[in-house]
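Asker: Take this structure first; my questions come after.
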Amino acid sequence: MHDIRAIRENPAALDAALALRGAEPMSSEVLSLDAERRAKIAAAEAAQSEQKKAAKEVGAAKASGNDAEFERLRTLVGEKKAETAAMQVEAKELDAKLTDMLARIPNSPAEDVPQGGDENDNVEVRTWGTLPAFDFDPKEHFEIAGVAKSMDFELAAKISGARFVMLKGAVARIHRALAQFMIDTHVDENGLTEMNSPVLVRDEAMYGTDKLPKFGDDSYQTTNGWWLVPTSEVPLTFTVAGDTLEESALPIRMAAHTLCFRSEAGSAGKDTTGMLRQHQFEKVEMVSIVHPEKSDDEQKRMLGCAEGILEKLGIPYRTIVLCTGDMGFGARRTFDIEAWVPGQNTYREISSVSTTGDFQARRMNARFKPADGGKPEFLHTLNGSGLAVGRCLIAVLENGQRSDGSVELPEVLAPYLGGKTILGADGVLA
């Protein structure tokens, strides 16, 4: 959400930010609606003032015996009361319209975000790891012999349709082990508080985390109005909605492992094979609530937490900063981490770490009291995948594959797999 006062003071700044995202200017439209709303409020206040003045004069006219004046004033009071009510209704409708308009305007990019139109203009920040060398043509995850029997897309389609998978046996256990490893690392080493959050949320939570009103089609809604979360960013961030925290309570750092649900609207034909793009998947999500002066450093810290998971797993990756034209709606700055997937001979996104500044906090009315006793300020919120579990499974299986169809698994997973580190070509852990 944007501050209407800031737009009044500097409308060119809004249009410049929108231009960076490849969007049309909106300041004139916003300010026109704002002026109409304020005029209606002023007219309602003027009518109400006239109503109160006439109401005071009614008694005097009655006391003086001036029946004609009494009737005139009494009629005027009624008219002004009705006029005030009607204008207040119109002002409320205009206010709702302005709020909706502001809610559909994307966040303004941070000054250091590279300018560009699409993913081709993203900038690589660093790479880590050595790409594996195979003496055979590496397969995609679902083609590896030791995996194929335990990654059943046909069975899932029988139950749920396209873009679902049924994991079985050893592959299901490796998937679970990855999630446990991630959450344990974030809690034990990175200092995050583990949360077990709902995956059904109300409209307010989706709105407060900028998923509504613009992106309702990207998520699933139940018949009684709940939304299935696209990520646990939604319930974790919304924990501070409507709150005014003490500065001493900051930072708040959370992590949750949950199911996530996305309709994949507009993705027809993309990644139709394998586990890369599913309607239902699992993620370990990180969320931080911080002081505004700390948010840039916090984003770097969170990025390091996500990168650290891949490094412990021995998965090569690259980190990029998204350009202005490729950032998500609510982000001020986003770093994507892309893991190497040999089966496709490319890097694929496995995490996005974003700072939203006060964009979400304004929508949620989430503030903190400065320690020096100043006026309450909006919090800053950040979120990041740490990591997407299914995509991490893909990276582990493809990077560890061997010519005989078996897979060498990362040593850090051994404690979660009964000490076993090999997925045999027969689909059995050894």
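Residues in the structure tokens are numbered from 1 in each chain, the chains being A, B, ... in the order shown, and ligands are numbered from 1 in the order shown.
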List every residue of stretch 140-194 of chain A that has an atom at most 10 Å from any atom of stretch 403-410 of chain A, giving for each one its closest atom pair and the distance in Å to one decimal, counting only C-alpha atoms, sorted by chain and then by ascending residue number, as JSON lines.

Answerer:
```
{"residue": "A:Glu143", "atom": "CA", "partner": "A:Gly405", "partner_atom": "CA", "distance": 8.9}
{"residue": "A:Ile144", "atom": "CA", "partner": "A:Gly405", "partner_atom": "CA", "distance": 5.5}
{"residue": "A:Ala145", "atom": "CA", "partner": "A:Gly405", "partner_atom": "CA", "distance": 4.6}
{"residue": "A:Gly146", "atom": "CA", "partner": "A:Ser406", "partner_atom": "CA", "distance": 5.4}
{"residue": "A:Val147", "atom": "CA", "partner": "A:Ser406", "partner_atom": "CA", "distance": 8.3}
{"residue": "A:Ala148", "atom": "CA", "partner": "A:Gly405", "partner_atom": "CA", "distance": 9.7}
{"residue": "A:Ile174", "atom": "CA", "partner": "A:Leu409", "partner_atom": "CA", "distance": 8.9}
```

Asker: Could you list, as a list of chain:residue names, every residue within 12 Å of A:Gly242, counting only C-alpha atoms and ignoring same-chain residues fewer than 4 positions away?

Answerer: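 Contacts, in chain order: A:Glu204, A:Ala205, A:Gly208, A:Thr237, A:Phe238, A:Gln360, A:Ala361, A:Arg362, A:Arg363, A:Met364, A:Asn365, A:Ala366, A:Arg367, A:Phe368, A:Phe378, A:Leu379.
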
Asker: Write the residues of the selection above to a file with all heavy atoms, as a tab-separated table (two decimals), in the first residue's frame.

Answerer:
```tsv
chain	number	residue	atom	x	y	z
A	204	GLU	N	-8.39	-11.14	5.01
A	204	GLU	CA	-7.55	-10.09	5.57
A	204	GLU	C	-6.07	-10.46	5.52
A	204	GLU	O	-5.21	-9.60	5.28
A	204	GLU	CB	-7.95	-9.81	7.03
A	204	GLU	CG	-9.34	-9.22	7.20
A	204	GLU	CD	-10.42	-10.26	7.36
A	204	GLU	OE1	-10.24	-11.41	6.90
A	204	GLU	OE2	-11.47	-9.93	7.96
A	205	ALA	N	-5.76	-11.74	5.76
A	205	ALA	CA	-4.36	-12.17	5.73
A	205	ALA	C	-3.80	-12.13	4.32
A	205	ALA	O	-2.66	-11.72	4.10
A	205	ALA	CB	-4.24	-13.58	6.32
A	208	GLY	N	-3.43	-8.39	3.45
A	208	GLY	CA	-2.33	-7.74	4.17
A	208	GLY	C	-0.97	-8.11	3.64
A	208	GLY	O	-0.01	-7.34	3.77
A	237	THR	N	3.63	-13.58	8.36
A	237	THR	CA	3.70	-12.11	8.32
A	237	THR	C	2.48	-11.50	9.00
A	237	THR	O	2.60	-10.49	9.72
A	237	THR	CB	3.79	-11.62	6.86
A	237	THR	OG1	4.87	-12.26	6.20
A	237	THR	CG2	4.00	-10.11	6.81
A	238	PHE	N	1.33	-12.11	8.81
A	238	PHE	CA	0.10	-11.53	9.35
A	238	PHE	C	-0.01	-11.67	10.86
A	238	PHE	O	-0.92	-11.11	11.47
A	238	PHE	CB	-1.12	-12.18	8.67
A	238	PHE	CG	-2.36	-11.32	8.73
A	238	PHE	CD1	-2.47	-10.15	7.99
A	238	PHE	CD2	-3.43	-11.69	9.54
A	238	PHE	CE1	-3.60	-9.36	8.05
A	238	PHE	CE2	-4.58	-10.91	9.60
A	238	PHE	CZ	-4.66	-9.74	8.86
A	360	GLN	N	3.81	-4.06	3.06
A	360	GLN	CA	2.84	-4.96	3.69
A	360	GLN	C	2.39	-4.40	5.04
A	360	GLN	O	1.22	-4.53	5.41
A	360	GLN	CB	3.45	-6.35	3.87
A	360	GLN	CG	3.70	-7.08	2.56
A	360	GLN	CD	4.33	-8.45	2.77
A	360	GLN	OE1	5.05	-8.67	3.74
A	360	GLN	NE2	4.08	-9.36	1.85
A	361	ALA	N	3.30	-3.77	5.76
A	361	ALA	CA	2.95	-3.24	7.09
A	361	ALA	C	1.85	-2.19	7.00
A	361	ALA	O	0.98	-2.11	7.87
A	361	ALA	CB	4.20	-2.65	7.75
A	362	ARG	N	1.87	-1.38	5.94
A	362	ARG	CA	0.80	-0.39	5.76
A	362	ARG	C	-0.54	-1.09	5.51
A	362	ARG	O	-1.57	-0.66	6.03
A	362	ARG	CB	1.13	0.53	4.58
A	362	ARG	CG	2.23	1.52	4.86
A	362	ARG	CD	2.49	2.43	3.68
A	362	ARG	NE	3.53	3.40	4.00
A	362	ARG	CZ	3.32	4.54	4.65
A	362	ARG	NH1	2.09	4.86	5.03
A	362	ARG	NH2	4.33	5.36	4.90
A	363	ARG	N	-0.52	-2.14	4.74
A	363	ARG	CA	-1.76	-2.88	4.47
A	363	ARG	C	-2.30	-3.53	5.73
A	363	ARG	O	-3.50	-3.70	5.90
A	363	ARG	CB	-1.50	-3.94	3.39
A	363	ARG	CG	-1.03	-3.37	2.06
A	363	ARG	CD	-0.54	-4.46	1.13
A	363	ARG	NE	-1.62	-5.15	0.45
A	363	ARG	CZ	-2.02	-4.91	-0.79
A	363	ARG	NH1	-1.41	-3.96	-1.50
A	363	ARG	NH2	-3.00	-5.58	-1.33
A	364	MET	N	-1.39	-3.95	6.61
A	364	MET	CA	-1.77	-4.65	7.84
A	364	MET	C	-1.90	-3.71	9.04
A	364	MET	O	-2.32	-4.14	10.11
A	364	MET	CB	-0.73	-5.71	8.19
A	364	MET	CG	-0.56	-6.80	7.16
A	364	MET	SD	0.58	-8.09	7.77
A	364	MET	CE	2.08	-7.15	8.03
A	365	ASN	N	-1.47	-2.45	8.87
A	365	ASN	CA	-1.40	-1.50	9.98
A	365	ASN	C	-0.56	-2.07	11.12
A	365	ASN	O	-0.98	-2.14	12.28
A	365	ASN	CB	-2.79	-1.12	10.49
A	365	ASN	CG	-2.74	0.10	11.41
A	365	ASN	OD1	-1.84	0.94	11.32
A	365	ASN	ND2	-3.71	0.18	12.32
A	366	ALA	N	0.66	-2.48	10.78
A	366	ALA	CA	1.60	-3.06	11.75
A	366	ALA	C	2.70	-2.06	12.04
A	366	ALA	O	3.43	-1.65	11.13
A	366	ALA	CB	2.18	-4.36	11.20
A	367	ARG	N	2.83	-1.67	13.29
A	367	ARG	CA	3.77	-0.61	13.68
A	367	ARG	C	4.61	-1.03	14.87
A	367	ARG	O	4.39	-2.08	15.47
A	367	ARG	CB	3.00	0.68	14.02
A	367	ARG	CG	2.07	1.18	12.92
A	367	ARG	CD	1.17	2.30	13.45
A	367	ARG	NE	0.16	2.70	12.49
A	367	ARG	CZ	0.21	3.79	11.74
A	367	ARG	NH1	1.25	4.60	11.84
A	367	ARG	NH2	-0.75	4.09	10.89
A	368	PHE	N	5.56	-0.16	15.22
A	368	PHE	CA	6.34	-0.35	16.45
A	368	PHE	C	6.55	1.01	17.11
A	368	PHE	O	6.49	2.07	16.46
A	368	PHE	CB	7.69	-1.00	16.15
A	368	PHE	CG	8.68	-0.10	15.46
A	368	PHE	CD1	9.66	0.59	16.17
A	368	PHE	CD2	8.63	0.09	14.08
A	368	PHE	CE1	10.57	1.42	15.54
A	368	PHE	CE2	9.53	0.92	13.43
A	368	PHE	CZ	10.50	1.59	14.16
A	378	PHE	N	5.79	2.39	10.90
A	378	PHE	CA	5.49	1.12	10.28
A	378	PHE	C	6.71	0.21	10.33
A	378	PHE	O	7.84	0.65	10.15
A	378	PHE	CB	5.06	1.31	8.81
A	378	PHE	CG	3.68	1.87	8.67
A	378	PHE	CD1	3.49	3.16	8.21
A	378	PHE	CD2	2.56	1.10	8.99
A	378	PHE	CE1	2.22	3.69	8.07
A	378	PHE	CE2	1.28	1.61	8.85
A	378	PHE	CZ	1.10	2.91	8.39
A	379	LEU	N	6.45	-1.07	10.56
A	379	LEU	CA	7.49	-2.09	10.54
A	379	LEU	C	7.95	-2.35	9.11
A	379	LEU	O	7.29	-1.94	8.16
A	379	LEU	CB	6.94	-3.39	11.13
A	379	LEU	CG	6.48	-3.37	12.58
A	379	LEU	CD1	5.51	-4.51	12.83
A	379	LEU	CD2	7.69	-3.50	13.49
```

Asker: How many Å lie between atom CA of A:Gly22 and atom CA of A:Ala331, rounded to one decimal?

Answerer: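 That distance, rounded to one decimal, is 14.9 Å.
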
Asker: Write out as JSON, numbers by chain all residues of stretch 198-335 of chain A that backbone DSSP assigns to strand (DSSP E or B).

Answerer: {"A": [200, 201, 220, 221, 227, 228, 244, 245, 246, 252, 253, 254, 255, 256, 257, 258, 259, 260, 261, 280, 281, 282, 283, 284, 285, 286, 287, 288, 289, 290, 317, 318, 319, 320, 321, 333, 334, 335]}

Asker: With C-alpha atoms retained, export the selected residues as a PDB file, in the first residue's frame.

Answerer:
```pdb
ATOM      1  CA  LEU A 200      -6.217 -21.835   5.581  1.00  0.00           C
ATOM      2  CA  VAL A 201      -6.412 -18.072   6.028  1.00  0.00           C
ATOM      3  CA  TYR A 220      -7.382 -21.400  -4.288  1.00  0.00           C
ATOM      4  CA  GLN A 221     -10.394 -20.369  -2.199  1.00  0.00           C
ATOM      5  CA  TRP A 227      -7.834 -19.259   1.138  1.00  0.00           C
ATOM      6  CA  LEU A 228      -5.258 -22.025   0.814  1.00  0.00           C
ATOM      7  CA  THR A 244       2.034  -1.782  17.731  1.00  0.00           C
ATOM      8  CA  LEU A 245       5.124  -3.553  19.038  1.00  0.00           C
ATOM      9  CA  GLU A 246       7.822  -2.310  21.361  1.00  0.00           C
ATOM     10  CA  ILE A 252      11.105 -11.266  14.935  1.00  0.00           C
ATOM     11  CA  ARG A 253      12.444 -14.184  12.883  1.00  0.00           C
ATOM     12  CA  MET A 254      10.256 -17.157  12.022  1.00  0.00           C
ATOM     13  CA  ALA A 255      10.368 -20.290   9.918  1.00  0.00           C
ATOM     14  CA  ALA A 256       7.634 -22.765   9.001  1.00  0.00           C
ATOM     15  CA  HIS A 257       7.412 -25.933   6.943  1.00  0.00           C
ATOM     16  CA  THR A 258       3.994 -26.109   5.277  1.00  0.00           C
ATOM     17  CA  LEU A 259       2.067 -27.307   2.311  1.00  0.00           C
ATOM     18  CA  CYS A 260       1.601 -24.543  -0.274  1.00  0.00           C
ATOM     19  CA  PHE A 261      -1.002 -24.253  -3.013  1.00  0.00           C
ATOM     20  CA  GLN A 280       0.546 -28.529  -4.263  1.00  0.00           C
ATOM     21  CA  PHE A 281       4.075 -28.455  -2.889  1.00  0.00           C
ATOM     22  CA  GLU A 282       6.033 -27.945   0.312  1.00  0.00           C
ATOM     23  CA  LYS A 283       8.274 -25.108   1.382  1.00  0.00           C
ATOM     24  CA  VAL A 284      10.256 -24.040   4.367  1.00  0.00           C
ATOM     25  CA  GLU A 285       9.583 -20.317   4.550  1.00  0.00           C
ATOM     26  CA  MET A 286      11.466 -17.635   6.451  1.00  0.00           C
ATOM     27  CA  VAL A 287       9.809 -14.388   7.578  1.00  0.00           C
ATOM     28  CA  SER A 288      11.405 -11.471   9.420  1.00  0.00           C
ATOM     29  CA  ILE A 289       9.746  -8.460  11.051  1.00  0.00           C
ATOM     30  CA  VAL A 290      12.326  -5.734  11.648  1.00  0.00           C
ATOM     31  CA  TYR A 317      23.869 -22.505  -7.337  1.00  0.00           C
ATOM     32  CA  ARG A 318      23.907 -18.961  -8.544  1.00  0.00           C
ATOM     33  CA  THR A 319      22.358 -15.890  -6.905  1.00  0.00           C
ATOM     34  CA  ILE A 320      20.850 -13.114  -8.979  1.00  0.00           C
ATOM     35  CA  VAL A 321      19.207  -9.804  -8.156  1.00  0.00           C
ATOM     36  CA  ARG A 333      14.261  -5.807  -3.848  1.00  0.00           C
ATOM     37  CA  THR A 334      14.466  -9.539  -4.568  1.00  0.00           C
ATOM     38  CA  PHE A 335      17.341 -11.978  -4.752  1.00  0.00           C
TER      39      PHE A 335
END
```

Asker: Could you name the residues that touch stretch 37-51 of chain A at 7 Å or less, counting only C-alpha atoms, but leaving out those on the same chain fewer than 4 positions away, as an NGL selection string?

Answerer: :A and (33 or 55 or 77 or 80-81 or 83-84 or 87-88 or 91 or 94-95)
